[in-house]
>>> print(open('query11.cif').read())   # mmCIF, C-alpha atoms; chains and numbers go by the auth columns
data_work
loop_
_atom_site.group_PDB
_atom_site.id
_atom_site.type_symbol
_atom_site.label_atom_id
_atom_site.label_comp_id
_atom_site.label_asym_id
_atom_site.label_seq_id
_atom_site.Cartn_x
_atom_site.Cartn_y
_atom_site.Cartn_z
_atom_site.B_iso_or_equiv
_atom_site.auth_seq_id
_atom_site.auth_asym_id
ATOM 1 C CA MET A 1 -42.091 52.372 -7.323 0.00 1 A
ATOM 2 C CA THR A 2 -45.539 53.706 -6.773 0.00 2 A
ATOM 3 C CA ARG A 3 -47.952 54.814 -9.373 0.00 3 A
ATOM 4 C CA GLU A 4 -47.637 58.423 -8.298 0.00 4 A
ATOM 5 C CA GLN A 5 -43.844 58.337 -8.581 0.00 5 A
ATOM 6 C CA ARG A 6 -44.072 56.971 -12.115 0.00 6 A
ATOM 7 C CA LYS A 7 -46.530 59.713 -12.986 0.00 7 A
ATOM 8 C CA GLU A 8 -44.130 62.340 -11.604 0.00 8 A
ATOM 9 C CA ILE A 9 -41.233 60.863 -13.586 0.00 9 A
ATOM 10 C CA ARG A 10 -43.309 60.959 -16.794 0.00 10 A
ATOM 11 C CA GLU A 11 -44.228 64.574 -16.088 0.00 11 A
ATOM 12 C CA LEU A 12 -40.570 65.476 -15.468 0.00 12 A
ATOM 13 C CA LEU A 13 -39.540 63.752 -18.708 0.00 13 A
ATOM 14 C CA ARG A 14 -42.246 65.632 -20.617 0.00 14 A
ATOM 15 C CA ARG A 15 -41.016 68.963 -19.175 0.00 15 A
ATOM 16 C CA LEU A 16 -37.441 68.042 -19.993 0.00 16 A
ATOM 17 C CA GLU A 17 -38.413 67.331 -23.629 0.00 17 A
ATOM 18 C CA GLU A 18 -40.214 70.683 -23.813 0.00 18 A
ATOM 19 C CA LEU A 19 -37.157 72.462 -22.455 0.00 19 A
ATOM 20 C CA LEU A 20 -34.888 70.715 -24.950 0.00 20 A
ATOM 21 C CA GLU A 21 -37.190 71.669 -27.826 0.00 21 A
ATOM 22 C CA ALA A 22 -37.344 75.278 -26.637 0.00 22 A
ATOM 23 C CA THR A 23 -33.557 75.396 -26.338 0.00 23 A
ATOM 24 C CA ALA A 24 -33.156 73.990 -29.861 0.00 24 A
ATOM 25 C CA GLU A 25 -35.600 76.588 -31.228 0.00 25 A
ATOM 26 C CA GLU A 26 -33.743 79.373 -29.425 0.00 26 A
ATOM 27 C CA GLU A 27 -30.414 78.208 -30.827 0.00 27 A
ATOM 28 C CA ALA A 28 -31.872 78.160 -34.335 0.00 28 A
ATOM 29 C CA THR A 29 -33.261 81.674 -33.880 0.00 29 A
ATOM 30 C CA VAL A 30 -29.945 82.952 -32.563 0.00 30 A
ATOM 31 C CA GLU A 31 -28.158 81.341 -35.508 0.00 31 A
ATOM 32 C CA GLU A 32 -30.596 82.945 -37.976 0.00 32 A
ATOM 33 C CA GLU A 33 -30.142 86.345 -36.329 0.00 33 A
ATOM 34 C CA ALA A 34 -26.364 85.993 -36.435 0.00 34 A
ATOM 35 C CA THR A 35 -26.486 85.080 -40.124 0.00 35 A
ATOM 36 C CA ALA A 36 -28.774 88.038 -40.834 0.00 36 A
ATOM 37 C CA GLU A 37 -26.410 90.371 -38.944 0.00 37 A
ATOM 38 C CA GLU A 38 -23.461 89.047 -40.955 0.00 38 A
ATOM 39 C CA GLU A 39 -25.358 89.711 -44.194 0.00 39 A
ATOM 40 C CA VAL A 40 -26.233 93.243 -43.072 0.00 40 A
ATOM 41 C CA THR A 41 -22.624 93.853 -42.065 0.00 41 A
ATOM 42 C CA GLU A 42 -21.391 92.698 -45.492 0.00 42 A
ATOM 43 C CA GLU A 43 -23.948 94.973 -47.185 0.00 43 A
ATOM 44 C CA GLU A 44 -22.880 97.892 -44.967 0.00 44 A
ATOM 45 C CA GLU A 45 -19.219 97.242 -45.796 0.00 45 A
ATOM 46 C CA ALA A 46 -20.034 97.192 -49.510 0.00 46 A
ATOM 47 C CA THR A 47 -21.960 100.459 -49.151 0.00 47 A
ATOM 48 C CA VAL A 48 -19.085 102.091 -47.273 0.00 48 A
ATOM 49 C CA GLU A 49 -16.610 100.912 -49.915 0.00 49 A
ATOM 50 C CA GLU A 50 -18.903 102.194 -52.678 0.00 50 A
ATOM 51 C CA GLU A 51 -19.209 105.576 -50.941 0.00 51 A
ATOM 52 C CA ALA A 52 -15.441 105.774 -50.520 0.00 52 A
ATOM 53 C CA THR A 53 -14.938 104.909 -54.172 0.00 53 A
ATOM 54 C CA GLU A 54 -17.506 107.516 -55.212 0.00 54 A
ATOM 55 C CA GLU A 55 -15.786 110.151 -53.074 0.00 55 A
ATOM 56 C CA GLU A 56 -12.455 109.236 -54.646 0.00 56 A
ATOM 57 C CA LEU A 57 -13.998 109.542 -58.114 0.00 57 A
ATOM 58 C CA ILE A 58 -15.448 112.936 -57.297 0.00 58 A
ATOM 59 C CA TYR A 59 -12.046 114.045 -56.029 0.00 59 A
ATOM 60 C CA THR A 60 -10.318 112.785 -59.181 0.00 60 A
ATOM 61 C CA ILE A 61 -12.828 114.442 -61.513 0.00 61 A
ATOM 62 C CA THR A 62 -12.586 117.675 -59.526 0.00 62 A
ATOM 63 C CA SER A 63 -8.791 117.581 -59.777 0.00 63 A
ATOM 64 C CA TYR A 64 -8.932 117.304 -63.563 0.00 64 A
ATOM 65 C CA LEU A 65 -11.508 120.076 -63.920 0.00 65 A
ATOM 66 C CA ARG A 66 -9.551 122.469 -61.708 0.00 66 A
ATOM 67 C CA LYS A 67 -6.272 121.591 -63.423 0.00 67 A
ATOM 68 C CA TRP A 68 -7.883 122.340 -66.772 0.00 68 A
ATOM 69 C CA GLY A 69 -9.201 125.729 -65.623 0.00 69 A
ATOM 70 C CA ILE A 70 -12.875 124.985 -64.958 0.00 70 A
ATOM 71 C CA SER A 71 -13.980 126.698 -61.751 0.00 71 A
ATOM 72 C CA ALA A 72 -16.527 125.292 -59.302 0.00 72 A
ATOM 73 C CA HIS A 73 -18.705 128.421 -59.534 0.00 73 A
ATOM 74 C CA ILE A 74 -19.638 127.568 -63.122 0.00 74 A
ATOM 75 C CA LYS A 75 -22.756 125.399 -63.479 0.00 75 A
ATOM 76 C CA GLY A 76 -21.116 123.403 -66.242 0.00 76 A
ATOM 77 C CA TYR A 77 -18.473 122.280 -63.748 0.00 77 A
ATOM 78 C CA HIS A 78 -21.109 120.450 -61.705 0.00 78 A
ATOM 79 C CA TYR A 79 -22.842 119.099 -64.799 0.00 79 A
ATOM 80 C CA ILE A 80 -19.569 117.765 -66.226 0.00 80 A
ATOM 81 C CA ARG A 81 -18.735 116.113 -62.918 0.00 81 A
ATOM 82 C CA GLU A 82 -22.180 114.498 -62.803 0.00 82 A
ATOM 83 C CA ALA A 83 -21.918 113.452 -66.461 0.00 83 A
ATOM 84 C CA VAL A 84 -18.573 111.759 -65.891 0.00 84 A
ATOM 85 C CA MET A 85 -19.868 109.963 -62.778 0.00 85 A
ATOM 86 C CA LEU A 86 -22.878 108.685 -64.719 0.00 86 A
ATOM 87 C CA CYS A 87 -20.758 107.608 -67.699 0.00 87 A
ATOM 88 C CA LEU A 88 -18.323 105.759 -65.451 0.00 88 A
ATOM 89 C CA LYS A 89 -21.216 103.856 -63.866 0.00 89 A
ATOM 90 C CA GLU A 90 -23.118 103.333 -67.117 0.00 90 A
ATOM 91 C CA PRO A 91 -20.936 103.618 -70.264 0.00 91 A
ATOM 92 C CA ASP A 92 -24.010 103.504 -72.536 0.00 92 A
ATOM 93 C CA TYR A 93 -24.609 107.166 -71.681 0.00 93 A
ATOM 94 C CA LEU A 94 -21.621 108.070 -73.853 0.00 94 A
ATOM 95 C CA GLY A 95 -23.495 106.789 -76.895 0.00 95 A
ATOM 96 C CA SER A 96 -26.533 108.992 -76.368 0.00 96 A
ATOM 97 C CA ILE A 97 -25.472 112.131 -74.621 0.00 97 A
ATOM 98 C CA THR A 98 -28.270 114.377 -75.857 0.00 98 A
ATOM 99 C CA LYS A 99 -30.955 111.725 -75.624 0.00 99 A
ATOM 100 C CA TRP A 100 -30.160 110.244 -72.192 0.00 100 A
ATOM 101 C CA LEU A 101 -27.298 111.974 -70.387 0.00 101 A
ATOM 102 C CA TYR A 102 -28.425 115.617 -70.568 0.00 102 A
ATOM 103 C CA PRO A 103 -32.020 114.790 -69.557 0.00 103 A
ATOM 104 C CA GLU A 104 -30.756 112.722 -66.591 0.00 104 A
ATOM 105 C CA ILE A 105 -28.534 115.552 -65.358 0.00 105 A
ATOM 106 C CA ALA A 106 -31.290 118.099 -65.987 0.00 106 A
ATOM 107 C CA GLN A 107 -33.695 116.075 -63.861 0.00 107 A
ATOM 108 C CA ARG A 108 -31.169 115.844 -61.009 0.00 108 A
ATOM 109 C CA TYR A 109 -30.531 119.596 -61.071 0.00 109 A
ATOM 110 C CA ASP A 110 -34.111 120.680 -61.834 0.00 110 A
ATOM 111 C CA THR A 111 -33.285 122.345 -65.147 0.00 111 A
ATOM 112 C CA THR A 112 -33.619 121.602 -68.854 0.00 112 A
ATOM 113 C CA PRO A 113 -31.388 119.426 -71.062 0.00 113 A
ATOM 114 C CA SER A 114 -30.587 122.414 -73.314 0.00 114 A
ATOM 115 C CA ARG A 115 -29.365 124.421 -70.306 0.00 115 A
ATOM 116 C CA VAL A 116 -27.187 121.498 -69.255 0.00 116 A
ATOM 117 C CA GLU A 117 -25.715 121.301 -72.751 0.00 117 A
ATOM 118 C CA ARG A 118 -25.086 125.068 -72.877 0.00 118 A
ATOM 119 C CA ALA A 119 -23.501 125.174 -69.399 0.00 119 A
ATOM 120 C CA ILE A 120 -21.129 122.324 -70.268 0.00 120 A
ATOM 121 C CA ARG A 121 -20.202 124.033 -73.551 0.00 121 A
ATOM 122 C CA HIS A 122 -19.544 127.278 -71.648 0.00 122 A
ATOM 123 C CA ALA A 123 -17.306 125.455 -69.133 0.00 123 A
ATOM 124 C CA ILE A 124 -15.287 123.911 -71.981 0.00 124 A
ATOM 125 C CA GLU A 125 -14.952 127.308 -73.697 0.00 125 A
ATOM 126 C CA ARG A 126 -13.769 128.766 -70.407 0.00 126 A
ATOM 127 C CA ALA A 127 -11.158 126.029 -70.033 0.00 127 A
ATOM 128 C CA TRP A 128 -9.774 126.834 -73.486 0.00 128 A
ATOM 129 C CA ASN A 129 -9.763 130.572 -72.728 0.00 129 A
ATOM 130 C CA VAL A 130 -8.195 130.582 -69.239 0.00 130 A
ATOM 131 C CA GLY A 131 -6.902 127.052 -68.661 0.00 131 A
ATOM 132 C CA ASN A 132 -3.500 125.508 -69.294 0.00 132 A
ATOM 133 C CA ILE A 133 -3.779 125.350 -73.084 0.00 133 A
ATOM 134 C CA GLU A 134 -0.625 123.250 -73.504 0.00 134 A
ATOM 135 C CA GLU A 135 -1.912 120.541 -71.193 0.00 135 A
ATOM 136 C CA LEU A 136 -5.387 120.682 -72.732 0.00 136 A
ATOM 137 C CA ASN A 137 -3.942 120.296 -76.226 0.00 137 A
ATOM 138 C CA GLU A 138 -1.795 117.397 -75.036 0.00 138 A
ATOM 139 C CA VAL A 139 -4.749 115.572 -73.472 0.00 139 A
ATOM 140 C CA PHE A 140 -7.275 116.366 -76.221 0.00 140 A
ATOM 141 C CA GLN A 141 -4.857 116.401 -79.180 0.00 141 A
ATOM 142 C CA TYR A 142 -6.766 114.061 -81.528 0.00 142 A
ATOM 143 C CA THR A 143 -10.277 114.849 -80.352 0.00 143 A
ATOM 144 C CA ILE A 144 -10.323 118.599 -81.004 0.00 144 A
ATOM 145 C CA GLU A 145 -12.425 119.834 -83.903 0.00 145 A
ATOM 146 C CA PRO A 146 -9.815 121.350 -86.261 0.00 146 A
ATOM 147 C CA ASN A 147 -12.021 124.292 -87.288 0.00 147 A
ATOM 148 C CA LYS A 148 -13.221 125.062 -83.746 0.00 148 A
ATOM 149 C CA GLY A 149 -10.042 124.564 -81.745 0.00 149 A
ATOM 150 C CA LYS A 150 -11.785 122.852 -78.846 0.00 150 A
ATOM 151 C CA PRO A 151 -13.603 119.539 -78.275 0.00 151 A
ATOM 152 C CA THR A 152 -17.339 119.091 -78.388 0.00 152 A
ATOM 153 C CA ASN A 153 -19.168 118.340 -75.128 0.00 153 A
ATOM 154 C CA ALA A 154 -19.296 114.640 -75.978 0.00 154 A
ATOM 155 C CA GLN A 155 -15.585 114.552 -76.820 0.00 155 A
ATOM 156 C CA PHE A 156 -14.670 116.395 -73.619 0.00 156 A
ATOM 157 C CA ILE A 157 -16.741 114.069 -71.427 0.00 157 A
ATOM 158 C CA SER A 158 -15.462 110.963 -73.253 0.00 158 A
ATOM 159 C CA VAL A 159 -11.820 111.961 -72.876 0.00 159 A
ATOM 160 C CA LEU A 160 -12.279 112.763 -69.191 0.00 160 A
ATOM 161 C CA VAL A 161 -13.991 109.407 -68.620 0.00 161 A
ATOM 162 C CA GLU A 162 -11.128 107.610 -70.374 0.00 162 A
ATOM 163 C CA GLU A 163 -8.486 109.563 -68.432 0.00 163 A
ATOM 164 C CA ILE A 164 -10.093 108.445 -65.179 0.00 164 A
ATOM 165 C CA ARG A 165 -10.540 104.832 -66.311 0.00 165 A
ATOM 166 C CA MET A 166 -6.869 104.641 -67.230 0.00 166 A
ATOM 167 C CA LYS A 167 -5.819 105.696 -63.708 0.00 167 A
#
>>> encode(input="query11.cif", output="C-alpha coordinates")
Amino acid sequence: MTREQRKEIRELLRRLEELLEATAEEEATVEEEATAEEEVTEEEEATVEEEATEEELIYTITSYLRKWGISAHIKGYHYIREAVMLCLKEPDYLGSITKWLYPEIAQRYDTTPSRVERAIRHAIERAWNVGNIEELNEVFQYTIEPNKGKPTNAQFISVLVEEIRMK
(Lines of atoms letter the chains of each structure in order from A and count residues from 1; the text may use other names and numbers.)
(Lines give C-alpha, C1' and ligand atoms only; values in the text may rest on other atoms or scores of the structure.)
Protein backbone atom coordinates (compact mmCIF):
# COMPACT_ATOMS: atom_id res chain seq x y z
CA MET A 1 0.00 0.00 0.00
CA THR A 2 1.27 3.38 -0.95
CA ARG A 3 1.50 6.38 1.23
CA GLU A 4 -1.23 8.14 -0.70
CA GLN A 5 -3.61 5.21 -0.31
CA ARG A 6 -3.06 5.17 3.45
CA LYS A 7 -3.73 8.90 3.55
CA GLU A 8 -6.98 8.39 1.62
CA ILE A 9 -8.05 5.60 3.98
CA ARG A 10 -7.37 7.83 7.01
CA GLU A 11 -9.40 10.62 5.41
CA LEU A 12 -12.28 8.23 4.68
CA LEU A 13 -12.20 6.95 8.27
CA ARG A 14 -12.24 10.53 9.58
CA ARG A 15 -15.28 11.35 7.39
CA LEU A 16 -16.99 8.16 8.51
CA GLU A 17 -16.48 9.13 12.18
CA GLU A 18 -17.90 12.59 11.48
CA LEU A 19 -20.94 11.07 9.80
CA LEU A 20 -21.49 8.69 12.71
CA GLU A 21 -21.26 11.56 15.20
CA ALA A 22 -23.68 13.66 13.15
CA THR A 23 -26.11 10.75 12.93
CA ALA A 24 -25.93 10.20 16.70
CA GLU A 25 -26.58 13.92 17.31
CA GLU A 26 -29.54 13.85 14.93
CA GLU A 27 -31.01 10.82 16.66
CA ALA A 28 -30.67 12.54 20.03
CA THR A 29 -32.36 15.67 18.68
CA VAL A 30 -35.19 13.64 17.18
CA GLU A 31 -35.63 11.80 20.48
CA GLU A 32 -35.73 15.10 22.40
CA GLU A 33 -38.29 16.52 19.98
CA ALA A 34 -40.43 13.40 20.27
CA THR A 35 -40.32 13.60 24.06
CA ALA A 36 -41.22 17.29 23.96
CA GLU A 37 -44.15 16.54 21.61
CA GLU A 38 -45.37 13.81 23.96
CA GLU A 39 -45.24 16.26 26.89
CA VAL A 40 -47.15 18.88 24.90
CA THR A 41 -49.72 16.28 23.87
CA GLU A 42 -50.23 15.23 27.51
CA GLU A 43 -50.63 18.89 28.51
CA GLU A 44 -53.11 19.45 25.67
CA GLU A 45 -55.08 16.37 26.73
CA ALA A 46 -55.19 17.62 30.32
CA THR A 47 -56.37 21.03 29.11
CA VAL A 48 -59.09 19.47 26.96
CA GLU A 49 -60.23 17.30 29.88
CA GLU A 50 -60.23 20.35 32.17
CA GLU A 51 -62.28 22.33 29.65
CA ALA A 52 -64.74 19.46 29.29
CA THR A 53 -65.05 19.19 33.05
CA GLU A 54 -65.58 22.95 33.35
CA GLU A 55 -68.27 22.84 30.67
CA GLU A 56 -69.97 19.98 32.50
CA LEU A 57 -69.83 21.98 35.75
CA ILE A 58 -71.33 25.02 34.07
CA TYR A 59 -74.10 22.83 32.66
CA THR A 60 -74.80 21.29 36.07
CA ILE A 61 -74.87 24.65 37.85
CA THR A 62 -77.11 26.08 35.13
CA SER A 63 -79.48 23.13 35.50
CA TYR A 64 -79.85 23.73 39.23
CA LEU A 65 -80.38 27.48 38.82
CA ARG A 66 -83.03 27.03 36.14
CA LYS A 67 -84.74 24.26 38.10
CA TRP A 68 -84.88 26.55 41.12
CA GLY A 69 -86.40 29.43 39.13
CA ILE A 70 -83.40 31.70 38.57
CA SER A 71 -83.43 33.03 35.01
CA ALA A 72 -80.32 33.72 32.92
CA HIS A 73 -81.35 37.35 32.32
CA ILE A 74 -80.74 38.18 35.98
CA LYS A 75 -77.20 39.34 36.78
CA GLY A 76 -77.22 37.35 39.99
CA TYR A 77 -77.60 34.18 37.93
CA HIS A 78 -74.20 34.75 36.33
CA TYR A 79 -72.62 35.81 39.62
CA ILE A 80 -73.94 32.72 41.42
CA ARG A 81 -72.64 30.49 38.64
CA GLU A 82 -69.22 32.15 38.84
CA ALA A 83 -69.24 31.96 42.65
CA VAL A 84 -69.98 28.24 42.61
CA MET A 85 -67.26 27.60 40.00
CA LEU A 86 -64.73 29.49 42.12
CA CYS A 87 -65.79 27.72 45.33
CA LEU A 88 -65.54 24.32 43.68
CA LYS A 89 -61.99 25.12 42.54
CA GLU A 90 -60.97 26.85 45.77
CA PRO A 91 -63.12 25.89 48.80
CA ASP A 92 -61.49 28.60 50.95
CA TYR A 93 -63.72 31.14 49.20
CA LEU A 94 -66.67 29.76 51.15
CA GLY A 95 -65.06 30.97 54.37
CA SER A 96 -64.70 34.57 53.23
CA ILE A 97 -67.43 35.35 50.79
CA THR A 98 -67.58 39.10 51.36
CA LYS A 99 -63.84 39.52 51.72
CA TRP A 100 -62.62 37.40 48.78
CA LEU A 101 -65.42 35.92 46.68
CA TYR A 102 -67.48 39.04 45.92
CA PRO A 103 -64.41 41.14 45.05
CA GLU A 104 -63.12 38.38 42.73
CA ILE A 105 -66.45 38.16 40.89
CA ALA A 106 -66.74 41.95 40.80
CA GLN A 107 -63.31 42.21 39.18
CA ARG A 108 -64.23 39.61 36.54
CA TYR A 109 -67.48 41.41 35.68
CA ASP A 110 -66.17 44.97 36.06
CA THR A 111 -68.53 45.93 38.88
CA THR A 112 -68.41 46.39 42.64
CA PRO A 113 -68.57 43.73 45.38
CA SER A 114 -71.73 45.33 46.84
CA ARG A 115 -73.48 45.07 43.46
CA VAL A 116 -72.47 41.42 43.23
CA GLU A 117 -73.87 40.78 46.70
CA ARG A 118 -77.13 42.60 45.90
CA ALA A 119 -77.60 40.83 42.55
CA ILE A 120 -77.10 37.41 44.16
CA ARG A 121 -79.56 38.31 46.94
CA HIS A 122 -82.09 39.44 44.31
CA ALA A 123 -81.68 36.16 42.38
CA ILE A 124 -82.30 34.16 45.58
CA GLU A 125 -85.37 36.27 46.41
CA ARG A 126 -86.64 35.66 42.89
CA ALA A 127 -86.16 31.90 43.27
CA TRP A 128 -88.25 31.93 46.45
CA ASN A 129 -90.95 34.06 44.79
CA VAL A 130 -91.33 32.24 41.45
CA GLY A 131 -89.39 28.99 41.80
CA ASN A 132 -90.48 25.53 42.89
CA ILE A 133 -90.86 26.32 46.59
CA GLU A 134 -91.34 22.67 47.60
CA GLU A 135 -88.08 21.62 46.00
CA LEU A 136 -86.26 24.66 47.36
CA ASN A 137 -87.49 23.93 50.88
CA GLU A 138 -86.46 20.29 50.50
CA VAL A 139 -82.94 21.19 49.36
CA PHE A 140 -82.42 24.12 51.76
CA GLN A 141 -84.50 22.79 54.68
CA TYR A 142 -81.94 23.26 57.49
CA THR A 143 -80.10 26.25 56.06
CA ILE A 144 -83.02 28.68 55.76
CA GLU A 145 -83.13 31.57 58.21
CA PRO A 146 -86.34 30.89 60.18
CA ASN A 147 -87.35 34.56 60.39
CA LYS A 148 -86.54 35.33 56.74
CA GLY A 149 -87.83 32.22 55.01
CA LYS A 150 -84.92 32.01 52.58
CA PRO A 151 -81.17 31.31 52.80
CA THR A 152 -78.49 33.95 52.92
CA ASN A 153 -76.19 34.33 49.91
CA ALA A 154 -73.47 32.33 51.64
CA GLN A 155 -75.90 29.55 52.58
CA PHE A 156 -77.31 29.40 49.04
CA ILE A 157 -73.86 29.20 47.44
CA SER A 158 -72.64 26.65 50.02
CA VAL A 159 -75.64 24.37 49.50
CA LEU A 160 -75.30 24.56 45.72
CA VAL A 161 -71.59 23.74 45.95
CA GLU A 162 -72.35 20.74 48.17
CA GLU A 163 -75.15 19.54 45.88
CA ILE A 164 -72.72 19.53 42.96
CA ARG A 165 -69.91 17.88 44.94
CA MET A 166 -72.25 15.09 45.97
CA LYS A 167 -73.09 14.29 42.33
>>> resolve_selection(input="query11.cif", expression="the PyMOL selection byres ((chain A and resi 161) around 12)", output="ChimeraX atom specification")
/A:57-58,60-61,64-65,80-91,93-94,154-160,162-167
>>> resolve_selection(input="query11.cif", expression="the PyMOL selection byres ((chain A and resi 123) around 9)", output="list in words")
Gly69, Ile70, Ser71, Ile74, Lys75, Gly76, Tyr77, Ile80, Arg118, Ala119, Ile120, Arg121, His122, Ile124, Glu125, Arg126, Ala127 and Trp128 of chain A
>>> atom_distance(input="query11.cif", atom1="atom CA of Arg115 of chain A", atom2="atom CA of Ser96 of chain A")
16.8 Å
>>> axis_aligned_box(input="query11.cif", around="segment 85-95 of chain A", padding_each_side="5 Å", output="JSON")
{"center_x": -21.5, "center_y": 106.6, "center_z": -69.8, "size_x": 16.3, "size_y": 16.6, "size_z": 24.1}
>>> atom_distance(input="query11.cif", atom1="atom CA of Thr62 of chain A", atom2="atom CA of His78 of chain A")
9.2 Å
>>> atom_distance(input="query11.cif", atom1="atom CA of Glu138 of chain A", atom2="atom CA of Ile105 of chain A")
28.5 Å
>>> decode(input="query11.cif", residues="segment 89-105 of chain A", atoms="all heavy atoms", output="tab-separated table (two decimals), in the first residue's frame")
chain	number	residue	atom	x	y	z
A	89	LYS	N	-63.43	25.17	42.81
A	89	LYS	CA	-61.99	25.12	42.54
A	89	LYS	C	-61.18	25.45	43.79
A	89	LYS	O	-60.13	24.87	44.02
A	89	LYS	CB	-61.63	26.12	41.43
A	89	LYS	CG	-62.11	25.70	40.07
A	89	LYS	CD	-61.75	26.74	39.03
A	89	LYS	CE	-62.34	26.38	37.68
A	89	LYS	NZ	-62.14	27.44	36.70
A	90	GLU	N	-61.68	26.40	44.57
A	90	GLU	CA	-60.97	26.85	45.77
A	90	GLU	C	-61.95	26.97	46.93
A	90	GLU	O	-62.55	28.03	47.12
A	90	GLU	CB	-60.29	28.20	45.48
A	90	GLU	CG	-59.40	28.70	46.59
A	90	GLU	CD	-58.32	27.71	46.96
A	90	GLU	OE1	-57.55	27.30	46.09
A	90	GLU	OE2	-58.25	27.35	48.15
A	91	PRO	N	-62.12	25.90	47.71
A	91	PRO	CA	-63.12	25.89	48.80
A	91	PRO	C	-62.92	26.98	49.85
A	91	PRO	O	-63.87	27.32	50.56
A	91	PRO	CB	-62.94	24.51	49.42
A	91	PRO	CG	-62.33	23.68	48.35
A	91	PRO	CD	-61.47	24.61	47.55
A	92	ASP	N	-61.73	27.54	49.96
A	92	ASP	CA	-61.49	28.60	50.95
A	92	ASP	C	-62.37	29.82	50.71
A	92	ASP	O	-62.60	30.60	51.64
A	92	ASP	CB	-60.01	29.02	50.95
A	92	ASP	CG	-59.11	27.93	51.51
A	92	ASP	OD1	-59.63	27.03	52.19
A	92	ASP	OD2	-57.89	27.98	51.25
A	93	TYR	N	-62.83	30.01	49.48
A	93	TYR	CA	-63.72	31.14	49.20
A	93	TYR	C	-64.99	31.09	50.04
A	93	TYR	O	-65.54	32.12	50.40
A	93	TYR	CB	-64.12	31.17	47.71
A	93	TYR	CG	-63.13	31.84	46.80
A	93	TYR	CD1	-62.56	31.15	45.75
A	93	TYR	CD2	-62.80	33.18	46.97
A	93	TYR	CE1	-61.65	31.76	44.90
A	93	TYR	CE2	-61.90	33.81	46.13
A	93	TYR	CZ	-61.33	33.10	45.09
A	93	TYR	OH	-60.44	33.71	44.24
A	94	LEU	N	-65.45	29.89	50.37
A	94	LEU	CA	-66.67	29.76	51.15
A	94	LEU	C	-66.52	30.37	52.54
A	94	LEU	O	-67.50	30.80	53.14
A	94	LEU	CB	-67.09	28.28	51.28
A	94	LEU	CG	-67.70	27.66	50.04
A	94	LEU	CD1	-67.86	26.16	50.21
A	94	LEU	CD2	-69.02	28.31	49.70
A	95	GLY	N	-65.31	30.41	53.04
A	95	GLY	CA	-65.06	30.97	54.37
A	95	GLY	C	-64.97	32.48	54.40
A	95	GLY	O	-65.07	33.08	55.47
A	96	SER	N	-64.79	33.10	53.26
A	96	SER	CA	-64.70	34.57	53.23
A	96	SER	C	-65.37	35.10	51.97
A	96	SER	O	-64.71	35.63	51.08
A	96	SER	CB	-63.25	35.04	53.33
A	96	SER	OG	-62.38	34.16	52.69
A	97	ILE	N	-66.66	34.96	51.97
A	97	ILE	CA	-67.43	35.35	50.79
A	97	ILE	C	-67.36	36.85	50.53
A	97	ILE	O	-67.09	37.27	49.42
A	97	ILE	CB	-68.89	34.85	50.92
A	97	ILE	CG1	-68.89	33.34	50.70
A	97	ILE	CG2	-69.81	35.55	49.94
A	97	ILE	CD1	-70.21	32.69	50.64
A	98	THR	N	-67.58	37.64	51.58
A	98	THR	CA	-67.58	39.10	51.36
A	98	THR	C	-66.17	39.65	51.17
A	98	THR	O	-65.98	40.62	50.46
A	98	THR	CB	-68.27	39.85	52.51
A	98	THR	OG1	-67.66	39.47	53.74
A	98	THR	CG2	-69.74	39.55	52.55
A	99	LYS	N	-65.21	39.01	51.79
A	99	LYS	CA	-63.84	39.52	51.72
A	99	LYS	C	-63.11	39.12	50.43
A	99	LYS	O	-62.33	39.89	49.88
A	99	LYS	CB	-63.05	39.03	52.93
A	99	LYS	CG	-61.71	39.68	53.07
A	99	LYS	CD	-61.04	39.25	54.37
A	99	LYS	CE	-59.71	39.95	54.56
A	99	LYS	NZ	-59.05	39.54	55.78
A	100	TRP	N	-63.36	37.89	49.95
A	100	TRP	CA	-62.62	37.40	48.78
A	100	TRP	C	-63.48	37.07	47.57
A	100	TRP	O	-63.12	37.38	46.45
A	100	TRP	CB	-61.80	36.15	49.16
A	100	TRP	CG	-60.77	36.45	50.20
A	100	TRP	CD1	-60.81	36.11	51.51
A	100	TRP	CD2	-59.57	37.20	50.02
A	100	TRP	NE1	-59.69	36.58	52.16
A	100	TRP	CE2	-58.91	37.26	51.27
A	100	TRP	CE3	-58.98	37.83	48.93
A	100	TRP	CZ2	-57.71	37.91	51.45
A	100	TRP	CZ3	-57.77	38.48	49.11
A	100	TRP	CH2	-57.16	38.52	50.36
A	101	LEU	N	-64.60	36.40	47.80
A	101	LEU	CA	-65.42	35.92	46.68
A	101	LEU	C	-66.08	37.06	45.92
A	101	LEU	O	-65.95	37.16	44.69
A	101	LEU	CB	-66.47	34.92	47.17
A	101	LEU	CG	-67.28	34.24	46.07
A	101	LEU	CD1	-66.39	33.41	45.15
A	101	LEU	CD2	-68.35	33.35	46.69
A	102	TYR	N	-66.82	37.93	46.61
A	102	TYR	CA	-67.48	39.04	45.92
A	102	TYR	C	-66.50	39.93	45.17
A	102	TYR	O	-66.75	40.29	44.02
A	102	TYR	CB	-68.32	39.87	46.88
A	102	TYR	CG	-69.53	39.17	47.47
A	102	TYR	CD1	-70.11	39.63	48.65
A	102	TYR	CD2	-70.11	38.06	46.86
A	102	TYR	CE1	-71.23	39.02	49.20
A	102	TYR	CE2	-71.22	37.43	47.41
A	102	TYR	CZ	-71.77	37.91	48.57
A	102	TYR	OH	-72.87	37.30	49.12
A	103	PRO	N	-65.37	40.31	45.80
A	103	PRO	CA	-64.41	41.14	45.05
A	103	PRO	C	-63.85	40.43	43.80
A	103	PRO	O	-63.66	41.08	42.77
A	103	PRO	CB	-63.29	41.41	46.07
A	103	PRO	CG	-63.96	41.30	47.40
A	103	PRO	CD	-65.00	40.23	47.23
A	104	GLU	N	-63.63	39.13	43.89
A	104	GLU	CA	-63.12	38.38	42.73
A	104	GLU	C	-64.14	38.40	41.59
A	104	GLU	O	-63.80	38.64	40.43
A	104	GLU	CB	-62.81	36.94	43.14
A	104	GLU	CG	-62.31	36.06	42.01
A	104	GLU	CD	-60.94	36.45	41.47
A	104	GLU	OE1	-60.13	37.00	42.24
A	104	GLU	OE2	-60.69	36.20	40.27
A	105	ILE	N	-65.39	38.15	41.91
A	105	ILE	CA	-66.45	38.16	40.89
A	105	ILE	C	-66.62	39.57	40.34
A	105	ILE	O	-66.75	39.76	39.13
A	105	ILE	CB	-67.77	37.63	41.48
A	105	ILE	CG1	-67.61	36.16	41.86
A	105	ILE	CG2	-68.91	37.81	40.49
A	105	ILE	CD1	-68.74	35.61	42.70
